[in-house]
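See below for coords05.csv, which holds CSV, C-alpha atoms.
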```
chain,number,residue,atom,x,y,z
A,1,MET,CA,-103.0,-26.9,41.3
A,2,ILE,CA,-104.1,-24.1,39.0
A,3,LEU,CA,-100.5,-23.5,37.9
A,4,ILE,CA,-99.7,-27.2,37.6
A,5,LEU,CA,-102.6,-28.0,35.2
A,6,PRO,CA,-101.3,-25.9,32.3
A,7,LEU,CA,-97.9,-27.5,32.6
A,8,LEU,CA,-99.5,-31.0,32.5
A,9,LEU,CA,-101.5,-30.0,29.4
A,10,ALA,CA,-98.4,-28.6,27.7
A,11,PHE,CA,-96.5,-31.8,28.2
A,12,ALA,CA,-99.5,-33.9,27.1
A,13,PHE,CA,-99.8,-32.1,23.7
A,14,ALA,CA,-96.0,-31.4,23.1
A,15,ALA,CA,-94.6,-32.8,19.9
A,16,PRO,CA,-92.7,-36.0,20.4
A,17,PRO,CA,-88.9,-35.6,20.2
A,18,THR,CA,-87.4,-35.8,16.7
A,19,PRO,CA,-85.7,-39.1,16.2
A,20,THR,CA,-82.0,-39.0,15.4
A,21,HIS,CA,-79.5,-41.3,13.9
A,22,PRO,CA,-76.1,-40.1,15.3
A,23,GLY,CA,-73.9,-42.3,13.1
A,24,LEU,CA,-75.7,-41.2,9.9
A,25,THR,CA,-75.8,-37.6,10.9
A,26,GLU,CA,-72.1,-37.6,11.8
A,27,LEU,CA,-71.3,-39.1,8.4
A,28,VAL,CA,-73.3,-36.5,6.5
A,29,GLU,CA,-71.6,-33.7,8.5
A,30,SER,CA,-68.2,-35.2,7.8
A,31,LEU,CA,-68.9,-35.4,4.1
A,32,ARG,CA,-70.0,-31.8,4.1
A,33,GLN,CA,-66.8,-30.6,5.7
A,34,THR,CA,-64.7,-32.6,3.3
A,35,HIS,CA,-66.5,-32.1,0.0
A,36,ALA,CA,-68.5,-28.9,0.5
A,37,PRO,CA,-66.8,-26.7,3.1
A,38,ASP,CA,-67.6,-23.4,1.4
A,39,GLN,CA,-71.3,-23.1,0.6
A,40,ARG,CA,-70.8,-19.8,-1.1
A,41,ILE,CA,-69.6,-21.7,-4.2
A,42,GLN,CA,-71.3,-25.1,-3.7
A,43,TRP,CA,-74.9,-26.0,-3.0
A,44,TRP,CA,-75.4,-28.4,-0.1
A,45,ASP,CA,-78.9,-29.2,1.1
A,46,VAL,CA,-78.7,-32.7,2.7
A,47,ARG,CA,-81.2,-33.8,5.3
A,48,VAL,CA,-81.5,-37.0,7.4
A,49,GLU,CA,-85.1,-38.0,8.3
A,50,LYS,CA,-86.8,-41.0,9.9
A,51,GLU,CA,-89.4,-42.9,7.8
A,52,ASP,CA,-91.8,-45.6,8.8
A,53,ALA,CA,-89.6,-48.2,7.0
A,54,GLY,CA,-86.3,-46.8,8.2
A,55,TRP,CA,-84.1,-43.8,7.4
A,56,ARG,CA,-83.7,-41.6,4.3
A,57,VAL,CA,-81.3,-38.9,3.2
A,58,HIS,CA,-82.7,-36.4,0.8
A,59,GLY,CA,-82.1,-32.9,-0.6
A,60,SER,CA,-79.9,-31.6,-3.4
A,61,LEU,CA,-76.3,-31.0,-4.4
A,62,SER,CA,-74.7,-28.9,-7.2
A,63,SER,CA,-71.4,-30.7,-7.6
A,64,GLU,CA,-71.3,-34.0,-9.5
A,65,GLU,CA,-68.1,-35.0,-7.7
A,66,THR,CA,-69.6,-34.3,-4.3
A,67,TYR,CA,-72.8,-36.2,-5.2
A,68,ALA,CA,-70.8,-39.2,-6.2
A,69,ALA,CA,-68.7,-39.1,-3.0
A,70,VAL,CA,-71.8,-38.9,-0.8
A,71,THR,CA,-73.7,-41.6,-2.7
A,72,ARG,CA,-70.6,-43.9,-2.5
A,73,ALA,CA,-70.2,-43.3,1.3
A,74,LEU,CA,-73.9,-43.9,2.0
A,75,LYS,CA,-73.8,-47.1,0.1
A,76,GLN,CA,-70.7,-48.4,1.8
A,77,GLN,CA,-71.4,-47.3,5.4
A,78,HIS,CA,-75.3,-47.3,5.5
A,79,PRO,CA,-76.6,-49.4,2.7
A,80,GLU,CA,-80.0,-49.7,4.5
A,81,VAL,CA,-80.6,-45.9,4.1
A,82,ASP,CA,-82.9,-44.7,1.3
A,83,ASN,CA,-80.8,-42.2,-0.7
A,84,GLN,CA,-83.1,-39.7,-2.3
A,85,LEU,CA,-80.5,-37.0,-3.1
A,86,VAL,CA,-80.9,-35.1,-6.3
A,87,LEU,CA,-78.0,-33.7,-8.4
A,88,LEU,CA,-78.7,-30.2,-9.7
A,89,PRO,CA,-79.5,-28.8,-12.2
A,90,GLU,CA,-83.0,-30.1,-11.7
A,91,ASN,CA,-83.7,-30.7,-15.4
A,92,GLY,CA,-80.8,-33.1,-15.6
A,93,THR,CA,-79.2,-31.6,-18.7
A,94,GLY,CA,-75.8,-31.5,-17.1
A,95,THR,CA,-74.9,-28.4,-19.2
A,96,LEU,CA,-72.7,-25.8,-17.4
A,97,VAL,CA,-74.3,-22.8,-19.0
A,98,ASN,CA,-78.1,-22.8,-19.5
A,99,ALA,CA,-79.1,-19.1,-19.1
A,100,LEU,CA,-77.9,-15.5,-19.4
A,101,VAL,CA,-78.4,-12.5,-17.1
A,102,ASN,CA,-81.2,-10.3,-18.7
A,103,ASN,CA,-81.0,-7.1,-16.5
A,104,SER,CA,-78.2,-4.6,-16.1
A,105,VAL,CA,-77.6,-5.9,-12.5
A,106,ILE,CA,-79.3,-8.7,-10.7
A,107,HIS,CA,-79.2,-9.5,-7.0
A,108,LEU,CA,-78.2,-13.0,-5.8
A,109,ARG,CA,-79.6,-13.7,-2.3
A,110,ARG,CA,-79.0,-16.3,0.4
A,111,GLU,CA,-82.6,-17.5,0.4
A,112,PRO,CA,-85.5,-17.2,-2.1
A,113,SER,CA,-86.9,-14.3,-0.1
A,114,SER,CA,-85.8,-10.8,-1.3
A,115,LYS,CA,-85.5,-9.9,2.4
A,116,THR,CA,-82.5,-12.1,2.9
A,117,GLU,CA,-78.8,-11.4,2.7
A,118,LEU,CA,-77.4,-10.1,-0.6
A,119,VAL,CA,-74.7,-12.6,-1.5
A,120,THR,CA,-73.4,-11.0,-4.7
A,121,GLN,CA,-74.6,-9.5,-8.0
A,122,ALA,CA,-74.3,-10.5,-11.7
A,123,LEU,CA,-74.3,-8.3,-14.8
A,124,LEU,CA,-76.2,-8.3,-18.1
A,125,GLY,CA,-75.1,-11.0,-20.5
A,126,THR,CA,-73.2,-13.0,-17.9
A,127,PRO,CA,-73.3,-16.8,-18.6
A,128,ILE,CA,-74.9,-18.6,-15.7
A,129,ARG,CA,-76.2,-22.0,-14.6
A,130,ILE,CA,-79.8,-22.3,-13.3
A,131,LEU,CA,-79.8,-25.0,-10.7
A,132,LYS,CA,-83.4,-25.1,-9.8
A,133,THR,CA,-86.6,-23.1,-9.8
A,134,GLU,CA,-88.9,-22.5,-6.8
A,135,ARG,CA,-92.0,-20.3,-6.5
A,136,GLY,CA,-90.9,-17.6,-9.0
A,137,LYS,CA,-87.2,-17.7,-7.9
A,138,ARG,CA,-84.2,-19.4,-9.4
A,139,LEU,CA,-81.1,-20.7,-7.8
A,140,ILE,CA,-78.2,-19.9,-10.0
A,141,GLN,CA,-74.4,-20.2,-10.1
A,142,VAL,CA,-72.3,-17.4,-11.7
A,143,PRO,CA,-68.8,-17.7,-13.3
A,144,ASP,CA,-66.9,-16.9,-10.1
A,145,GLY,CA,-68.7,-19.9,-8.5
A,146,TYR,CA,-71.1,-18.0,-6.2
A,147,ILE,CA,-74.6,-19.4,-5.8
A,148,GLY,CA,-77.7,-17.5,-4.9
A,149,TRP,CA,-81.4,-16.9,-5.5
A,150,VAL,CA,-82.7,-14.4,-8.1
A,151,ASN,CA,-86.1,-13.4,-9.6
A,152,SER,CA,-86.9,-15.8,-12.4
A,153,ALA,CA,-87.6,-13.0,-14.9
A,154,GLU,CA,-84.1,-11.5,-14.4
A,155,VAL,CA,-82.4,-14.4,-16.2
A,156,HIS,CA,-83.2,-15.8,-19.7
A,157,ARG,CA,-82.9,-19.6,-20.1
A,158,VAL,CA,-81.2,-20.8,-23.3
A,159,ASP,CA,-81.0,-24.2,-25.0
A,160,GLN,CA,-77.9,-25.5,-26.7
A,161,GLU,CA,-78.8,-24.0,-30.1
A,162,GLN,CA,-79.4,-20.6,-28.5
A,163,LEU,CA,-76.2,-20.9,-26.6
A,164,ARG,CA,-74.3,-21.6,-29.8
A,165,SER,CA,-75.9,-18.6,-31.4
A,166,TYR,CA,-74.8,-16.4,-28.5
A,167,ARG,CA,-71.3,-17.7,-28.7
A,168,ASP,CA,-71.0,-17.1,-32.4
A,169,ALA,CA,-72.5,-13.6,-32.3
A,170,GLU,CA,-70.4,-10.5,-32.2
A,171,LYS,CA,-70.6,-9.3,-28.6
A,172,VAL,CA,-69.8,-5.8,-27.1
A,173,ILE,CA,-69.2,-4.7,-23.6
A,174,PHE,CA,-70.4,-1.5,-22.1
A,175,THR,CA,-67.3,0.4,-20.8
A,176,ALA,CA,-68.7,3.6,-19.4
A,177,GLN,CA,-69.5,3.5,-15.6
A,178,SER,CA,-73.2,3.9,-16.3
A,179,GLY,CA,-75.5,4.9,-19.1
A,180,LEU,CA,-78.6,4.1,-21.1
A,181,ALA,CA,-79.7,2.0,-24.0
A,182,TYR,CA,-82.3,3.7,-26.2
A,183,SER,CA,-85.3,2.6,-28.3
A,184,ALA,CA,-83.8,4.4,-31.3
A,185,PRO,CA,-80.4,5.7,-32.4
A,186,ASP,CA,-81.2,9.0,-30.7
A,187,ALA,CA,-80.3,10.0,-27.1
A,188,THR,CA,-83.7,11.8,-26.9
A,189,SER,CA,-85.7,8.6,-27.6
A,190,MET,CA,-87.3,6.4,-25.0
A,191,PRO,CA,-84.7,4.6,-22.8
A,192,MET,CA,-84.8,0.8,-23.0
A,193,THR,CA,-82.7,0.1,-19.9
A,194,ASP,CA,-79.9,1.4,-17.9
A,195,LEU,CA,-76.4,-0.1,-18.4
A,196,VAL,CA,-73.3,-0.4,-16.2
A,197,ILE,CA,-69.7,-1.1,-16.9
A,198,GLY,CA,-69.2,-4.8,-17.8
A,199,ASN,CA,-72.7,-5.3,-19.3
A,200,MET,CA,-72.4,-7.5,-22.4
A,201,VAL,CA,-74.8,-7.7,-25.3
A,202,CYS,CA,-74.8,-8.8,-28.9
A,203,LYS,CA,-74.0,-6.3,-31.7
A,204,VAL,CA,-76.6,-6.1,-34.6
A,205,SER,CA,-75.7,-3.0,-36.6
A,206,GLU,CA,-74.5,0.6,-36.5
A,207,ARG,CA,-76.1,3.9,-37.5
A,208,SER,CA,-75.4,7.6,-36.8
A,209,GLY,CA,-72.8,6.9,-34.1
A,210,PHE,CA,-75.0,4.4,-32.3
A,211,THR,CA,-74.7,0.6,-32.1
A,212,GLN,CA,-77.9,-1.5,-32.3
A,213,ILE,CA,-77.7,-4.2,-29.6
A,214,GLN,CA,-79.8,-7.3,-28.7
A,215,TYR,CA,-80.5,-8.4,-25.2
A,216,PRO,CA,-80.6,-12.2,-24.3
A,217,ASP,CA,-84.4,-12.2,-24.5
A,218,GLY,CA,-84.4,-10.7,-28.0
A,219,ARG,CA,-85.1,-7.0,-27.1
A,220,ILE,CA,-83.4,-4.5,-29.4
A,221,GLY,CA,-81.8,-1.2,-28.2
A,222,TRP,CA,-79.3,1.4,-29.3
A,223,VAL,CA,-76.2,2.5,-27.4
A,224,ASP,CA,-73.7,5.3,-28.1
A,225,SER,CA,-70.9,3.5,-29.9
A,226,ARG,CA,-68.2,5.4,-27.9
A,227,GLN,CA,-69.4,3.6,-24.8
A,228,LEU,CA,-68.8,0.1,-26.2
A,229,SER,CA,-65.8,-2.1,-26.7
A,230,PRO,CA,-65.6,-5.4,-28.6
A,231,ALA,CA,-65.9,-8.2,-26.0
A,232,ASP,CA,-62.9,-10.0,-27.5
A,233,ALA,CA,-60.8,-6.9,-26.7
A,234,VAL,CA,-61.7,-7.2,-23.0
A,235,PHE,CA,-61.5,-11.0,-22.8
A,236,PHE,CA,-58.1,-11.4,-24.6
A,237,GLN,CA,-56.2,-8.4,-23.4
A,238,GLN,CA,-53.0,-8.4,-21.3
A,239,ALA,CA,-53.5,-6.8,-18.0
A,240,LEU,CA,-51.3,-3.8,-17.5
A,241,GLN,CA,-50.6,-1.8,-14.4
A,242,ASN,CA,-51.6,1.6,-15.8
A,243,ASN,CA,-54.9,0.2,-17.2
A,244,LEU,CA,-55.8,-1.3,-13.9
A,245,VAL,CA,-55.3,2.0,-12.1
A,246,GLU,CA,-57.2,3.9,-14.7
A,247,THR,CA,-60.1,1.4,-14.5
A,248,ALA,CA,-60.1,1.6,-10.7
A,249,ARG,CA,-60.2,5.4,-10.5
A,250,ARG,CA,-63.4,5.4,-12.6
A,251,PHE,CA,-65.2,3.7,-9.6
A,252,HIS,CA,-64.2,6.5,-7.3
A,253,GLY,CA,-67.2,7.8,-5.2
A,254,ILE,CA,-69.5,4.9,-6.0
A,255,PRO,CA,-71.6,4.0,-2.9
A,256,TYR,CA,-70.6,1.0,-0.8
A,257,LEU,CA,-73.0,-2.0,-0.6
A,258,TRP,CA,-72.3,-5.3,1.1
A,259,GLY,CA,-72.6,-7.9,-1.7
A,260,GLY,CA,-72.4,-5.2,-4.4
A,261,MET,CA,-70.7,-6.2,-7.6
A,262,SER,CA,-71.5,-3.3,-10.0
A,263,SER,CA,-70.9,0.4,-10.6
A,264,LYS,CA,-74.3,1.1,-9.0
A,265,ASN,CA,-73.1,-0.1,-5.6
A,266,ILE,CA,-70.1,-2.1,-4.7
A,267,ASP,CA,-68.2,-3.8,-1.9
A,268,CYS,CA,-64.4,-4.1,-1.4
A,269,SER,CA,-63.9,-7.4,-3.2
A,270,GLY,CA,-66.5,-6.5,-5.8
A,271,LEU,CA,-64.4,-3.5,-6.8
A,272,ILE,CA,-61.3,-5.6,-7.2
A,273,CYS,CA,-63.2,-8.2,-9.3
A,274,ASN,CA,-64.6,-5.5,-11.6
A,275,VAL,CA,-61.3,-3.8,-12.1
A,276,TYR,CA,-59.5,-7.0,-13.0
A,277,PHE,CA,-62.4,-8.3,-15.1
A,278,MET,CA,-62.3,-5.2,-17.3
A,279,ASN,CA,-58.6,-6.0,-17.7
A,280,GLY,CA,-59.1,-9.6,-18.8
A,281,ILE,CA,-58.7,-11.5,-15.5
A,282,GLN,CA,-61.3,-13.5,-13.5
A,283,LEU,CA,-60.7,-13.3,-9.8
A,284,PRO,CA,-62.4,-15.2,-6.9
A,285,ARG,CA,-65.3,-13.2,-5.5
A,286,ASP,CA,-64.5,-12.6,-1.8
A,287,SER,CA,-61.5,-10.9,-0.1
A,288,ASN,CA,-60.5,-14.0,1.9
A,289,MET,CA,-60.5,-16.0,-1.4
A,290,GLN,CA,-58.5,-13.3,-3.1
A,291,ALA,CA,-55.9,-13.3,-0.3
A,292,GLN,CA,-55.0,-16.9,-1.2
A,293,ILE,CA,-54.0,-16.2,-4.9
A,294,GLY,CA,-51.0,-14.6,-6.6
A,295,ARG,CA,-47.6,-14.1,-5.0
A,296,GLU,CA,-47.1,-12.6,-1.6
A,297,VAL,CA,-45.1,-9.3,-1.8
A,298,THR,CA,-45.0,-8.1,1.8
A,299,THR,CA,-46.6,-8.5,5.2
A,300,GLU,CA,-45.7,-4.9,6.2
A,301,PHE,CA,-47.8,-1.8,5.7
A,302,VAL,CA,-45.3,0.0,3.6
A,303,SER,CA,-45.3,1.0,-0.1
A,304,ASP,CA,-41.6,0.4,-0.9
A,305,ALA,CA,-42.1,-3.1,-2.4
A,306,LEU,CA,-45.5,-2.4,-4.0
A,307,GLU,CA,-46.4,-1.9,-7.6
A,308,PRO,CA,-49.7,-0.6,-9.1
A,309,GLY,CA,-52.3,-3.4,-9.2
A,310,ASP,CA,-51.0,-5.2,-6.1
A,311,LEU,CA,-53.8,-6.2,-3.7
A,312,LEU,CA,-53.7,-5.2,0.0
A,313,PHE,CA,-55.5,-7.3,2.5
A,314,PHE,CA,-56.7,-6.3,6.0
A,315,GLY,CA,-58.1,-8.1,9.0
A,316,LYS,CA,-56.2,-10.2,11.5
A,317,LYS,CA,-53.0,-12.1,11.0
A,318,ALA,CA,-52.7,-15.7,12.2
A,319,THR,CA,-51.3,-16.4,15.6
A,320,SER,CA,-50.4,-19.5,17.5
A,321,LYS,CA,-53.9,-19.4,18.9
A,322,SER,CA,-56.0,-18.2,16.0
A,323,LYS,CA,-56.4,-18.5,12.3
A,324,GLU,CA,-55.9,-15.6,9.8
A,325,ARG,CA,-59.0,-13.6,9.2
A,326,VAL,CA,-59.2,-11.4,6.0
A,327,THR,CA,-62.1,-9.0,6.0
A,328,HIS,CA,-61.1,-6.2,3.5
A,329,VAL,CA,-59.1,-5.7,0.3
A,330,ALA,CA,-57.8,-2.7,-1.5
A,331,MET,CA,-55.7,-2.1,-4.6
A,332,TYR,CA,-52.4,-0.2,-4.7
A,333,ILE,CA,-52.4,2.6,-7.3
A,334,GLY,CA,-48.9,4.1,-6.8
A,335,ASN,CA,-47.5,7.0,-4.9
A,336,ALA,CA,-48.2,5.3,-1.6
A,337,GLU,CA,-51.9,5.4,-2.3
A,338,PHE,CA,-54.6,2.7,-2.6
A,339,ILE,CA,-58.2,2.6,-3.7
A,340,HIS,CA,-60.9,0.6,-1.9
A,341,SER,CA,-64.6,0.4,-1.3
A,342,ALA,CA,-64.9,0.9,2.4
A,343,GLY,CA,-68.0,0.5,4.5
A,344,TYR,CA,-66.8,3.0,7.1
A,345,ARG,CA,-66.7,5.7,4.3
A,346,GLU,CA,-69.8,4.3,2.5
A,347,ARG,CA,-68.1,4.8,-0.9
A,348,VAL,CA,-65.1,4.0,-3.0
A,349,SER,CA,-62.2,6.2,-1.9
A,350,ILE,CA,-58.5,6.7,-2.2
A,351,ASN,CA,-56.3,6.6,0.9
A,352,SER,CA,-52.6,6.8,1.7
A,353,MET,CA,-50.1,4.6,3.3
A,354,ASP,CA,-48.1,7.7,4.3
A,355,SER,CA,-48.9,8.8,7.8
A,356,GLY,CA,-48.1,12.3,6.9
A,357,GLN,CA,-50.9,12.6,4.4
A,358,PRO,CA,-54.4,13.8,5.3
A,359,ASN,CA,-56.0,10.7,3.7
A,360,PHE,CA,-54.0,8.3,5.9
A,361,ILE,CA,-56.2,5.9,8.1
A,362,ASP,CA,-54.7,5.5,11.5
A,363,SER,CA,-56.2,2.0,12.2
A,364,TYR,CA,-55.0,0.4,8.9
A,365,PRO,CA,-51.3,-0.4,9.7
A,366,ALA,CA,-52.4,-2.5,12.7
A,367,ILE,CA,-54.9,-4.6,10.7
A,368,PHE,CA,-52.7,-5.1,7.6
A,369,VAL,CA,-52.3,-8.8,6.7
A,370,ARG,CA,-50.3,-8.8,3.5
A,371,ALA,CA,-50.0,-7.7,-0.1
A,372,VAL,CA,-50.1,-10.0,-3.2
A,373,ARG,CA,-49.2,-9.5,-6.8
A,374,ILE,CA,-51.3,-10.8,-9.7
A,375,ILE,CA,-49.8,-9.0,-12.7
A,376,GLY,CA,-46.9,-11.0,-14.2
A,377,GLU,CA,-47.6,-14.0,-12.1
A,378,ASP,CA,-48.5,-17.5,-13.2
A,379,PRO,CA,-52.2,-18.1,-12.7
A,380,ASN,CA,-52.7,-19.4,-9.1
A,381,GLY,CA,-56.3,-19.2,-8.1
A,382,PHE,CA,-57.1,-16.7,-10.9
A,383,LEU,CA,-57.6,-17.1,-14.6
A,384,PRO,CA,-57.6,-15.2,-17.9
A,385,ILE,CA,-61.4,-14.8,-18.7
A,386,PRO,CA,-61.3,-17.2,-21.7
A,387,GLU,CA,-60.1,-20.0,-19.4
A,388,ASN,CA,-63.0,-19.6,-17.0
A,389,ASP,CA,-65.3,-22.6,-17.7
A,390,PHE,CA,-68.5,-20.4,-17.9
A,391,TYR,CA,-67.0,-17.7,-20.2
A,392,ASN,CA,-65.4,-20.4,-22.3
A,393,GLU,CA,-68.9,-21.5,-23.2
A,394,ILE,CA,-69.8,-18.1,-24.8
A,395,ILE,CA,-66.5,-16.8,-26.2
A,396,ARG,CA,-66.1,-17.1,-30.0
A,397,SER,CA,-63.3,-19.2,-31.3
A,398,THR,CA,-60.2,-17.1,-32.3
A,399,GLU,CA,-59.0,-19.6,-34.8
```
Reformat the file's structure so that it appears as structure tokens.
Amino acid sequence: MILILPLLLAFAFAAPPTPTHPGLTELVESLRQTHAPDQRIQWWDVRVEKEDAGWRVHGSLSSEETYAAVTRALKQQHPEVDNQLVLLPENGTGTLVNALVNNSVIHLRREPSSKTELVTQALLGTPIRILKTERGKRLIQVPDGYIGWVNSAEVHRVDQEQLRSYRDAEKVIFTAQSGLAYSAPDATSMPMTDLVIGNMVCKVSERSGFTQIQYPDGRIGWVDSRQLSPADAVFFQQALQNNLVETARRFHGIPYLWGGMSSKNIDCSGLICNVYFMNGIQLPRDSNMQAQIGREVTTEFVSDALEPGDLLFFGKKATSKSKERVTHVAMYIGNAEFIHSAGYRERVSINSMDSGQPNFIDSYPAIFVRAVRIIGEDPNGFLPIPENDFYNEIIRSTE
């Protein structure tokens, strides 16, 4: 009896079962799979709940097309449901770019908490879209489509007039792997911030071999002019094999970090994105996305058909019983060698496809999926930077 009493009390005070609406829930899940299958690049927060007067669907979406499709389906199939979905951004402006990254590198995380998974990073000056703000954190979308939470102070919101000023300003890109901006045109003066390759700022003036720069929030600093390149020279250049290899080699030895997208720490696909960006091309963020672009060159782990700049993908090939799974990417640099940011080495390294070389990795031939070529191919899942919708908003007219 003593043992039974606690059980009876537990049942007596247990929360009643959550009511469900199978038809509505199945519809919502079907819509998610059809219109928002990849939540790395599309925000989907749709919930079904019971109310006293009936049922409601609430939450938020980042895609106008998906929002319209969900609204239409709910109206057609469940007109009795209270649709309380919100289309982001929350302020309803509908503008694509409404903020700029204000630190050298910022971390985008899966959830508002800084303890959650690092999804990706974004660099100073990058045009972004604030979707919503919550308890000192902001949900943002970056030019490659990725979505994540950042600290509010790390991004600077801009209105349309400020965005036009940023677009019209002369912008420069930091081209050294790392360095500093100073408070005066003197390398012994107080540092303003650190800088990494790909950081973008506005140019104000020049003096004594230094360039005066302005951050998105208006701060002023000075950078060694030799470490800067006109943004237009990066955005509008033609990607060449030798330049890709030269850029990639400069990342050698940088520590590996899952989600890393900068020359402080970087993951495999982040390395490839950075190399191609500095050569005028915007690639998808993740390796399994990158594996779907360009033109397939070979599915064999050999170097005969490869050219510098080709991307090499590793993982598991598709079989009659399983789908393809790409988990790693590298870039071929010539002479049977490739460069990659590998977690097993914890840094960017160069390895060989030649089994007779000391930097050959025994396990790689068995997990090779395929190689694809970007250079010289028609855009297919990748774009010249000026054709990316986000960057198009902040690039000066060349007319």
| field | Polymer residues at most 12 Å from Ala318 of chain A, only C-alpha atoms, same-chain spacing of 4 or more positions, as number ranges by chain | value | A: 299, 314, 322-326, 367-370
Output C-alpha atoms of each residue in that selection to a file, as a PDB file, in the coordinates of the input.
```pdb
ATOM      1  CA  THR A 299     -46.600  -8.500   5.200  1.00  0.00           C
ATOM      2  CA  PHE A 314     -56.700  -6.300   6.000  1.00  0.00           C
ATOM      3  CA  SER A 322     -56.000 -18.200  16.000  1.00  0.00           C
ATOM      4  CA  LYS A 323     -56.400 -18.500  12.300  1.00  0.00           C
ATOM      5  CA  GLU A 324     -55.900 -15.600   9.800  1.00  0.00           C
ATOM      6  CA  ARG A 325     -59.000 -13.600   9.200  1.00  0.00           C
ATOM      7  CA  VAL A 326     -59.200 -11.400   6.000  1.00  0.00           C
ATOM      8  CA  ILE A 367     -54.900  -4.600  10.700  1.00  0.00           C
ATOM      9  CA  PHE A 368     -52.700  -5.100   7.600  1.00  0.00           C
ATOM     10  CA  VAL A 369     -52.300  -8.800   6.700  1.00  0.00           C
ATOM     11  CA  ARG A 370     -50.300  -8.800   3.500  1.00  0.00           C
TER      12      ARG A 370
END
```
Set the distance at 9 Å and use all atoms listed in the file: which residues neighbour Thr327 of chain A once local chain neighbours fewer than 6 positions away are removed? I'd like the list as a compact mmCIF listing (two decimals) with C-alpha atoms, in the coordinates of the input.
```
# COMPACT_ATOMS: atom_id res chain seq x y z
CA ASP A 286 -64.50 -12.60 -1.80
CA SER A 287 -61.50 -10.90 -0.10
CA ASN A 288 -60.50 -14.00 1.90
CA PHE A 313 -55.50 -7.30 2.50
CA PHE A 314 -56.70 -6.30 6.00
CA GLY A 315 -58.10 -8.10 9.00
CA LYS A 316 -56.20 -10.20 11.50
```
| request: List the residues sitting within 8 Å of (-65.3, -17.7, -9.6) in the file's frame, using all atoms listed in the file, as JSON, numbers by chain. | output: {"A": [41, 142, 143, 144, 145, 146, 282, 283, 284, 285, 388]}
| request: Please identify all polymer residues within 7 Å of segment 306-310 of chain A, counting all atoms listed in the file, omitting same-chain residues fewer than 6 positions from it, and present them as a PyMOL selection string. | output: chain A and resi 241+244-245+331-334+371-374
Please report, as a tab-separated table, each residue of segment 239-298 of chain A lying at most 9 Å from segment 347-366 of chain A, together with the nearest pair of atoms and the separation in Å rounded to one decimal; use all atoms listed in the file, and order rows by chain and ascending residue number.
```
residue	atom	partner	partner_atom	distance
A:Arg249	CA	A:Ile350	CA	8.6
A:Phe251	CA	A:Val348	CA	6.6
A:His252	CA	A:Val348	CA	5.1
A:Gly253	CA	A:Val348	CA	4.9
A:Ile254	CA	A:Arg347	CA	5.3
A:Pro255	CA	A:Arg347	CA	4.1
A:Tyr256	CA	A:Arg347	CA	4.5
A:Leu257	CA	A:Arg347	CA	8.4
A:Asn265	CA	A:Arg347	CA	8.4
A:Ile266	CA	A:Val348	CA	8.1
A:Asp267	CA	A:Val348	CA	8.5
A:Cys268	CA	A:Val348	CA	8.3
A:Leu271	CA	A:Val348	CA	8.4
```
| task | Between atom CA of Cys273 of chain A and atom CA of Ser341 of chain A, measure the distance and give it in Å to one decimal. | result |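 So the answer is 11.8 Å.
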Mind dumping a table of every segment 258-316 of chain A residue within 9 Å of segment 197-218 of chain A, with the nearest atom pair and its distance in Å to one decimal, using all atoms listed in the file, sorted by chain and rising number, as JSON lines?
```
{"residue": "A:Ser262", "atom": "CA", "partner": "A:Ile197", "partner_atom": "CA", "distance": 7.5}
{"residue": "A:Ser263", "atom": "CA", "partner": "A:Ile197", "partner_atom": "CA", "distance": 6.6}
{"residue": "A:Asn274", "atom": "CA", "partner": "A:Gly198", "partner_atom": "CA", "distance": 7.8}
{"residue": "A:Phe277", "atom": "CA", "partner": "A:Gly198", "partner_atom": "CA", "distance": 8.1}
{"residue": "A:Met278", "atom": "CA", "partner": "A:Gly198", "partner_atom": "CA", "distance": 6.9}
```
| Interatomic distance, atom CA of Thr71 of chain A to atom CA of Gly148 of chain A (Å, one decimal) |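 Going from atom CA of Thr71 of chain A over to atom CA of Gly148 of chain A, I get 24.5 Å.
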| request: Figure out the distance between atom CA of Leu383 of chain A and atom CA of Arg396 of chain A, please, to one decimal in Å. | output: 17.6 Å
| message | At a cut-off of 8 Å, using all atoms listed in the file, what residues contact Pro191 of chain A? Leave out same-chain residues fewer than 3 positions from it and give the result as a PyMOL selection string. | response | chain A and resi 180-183+194
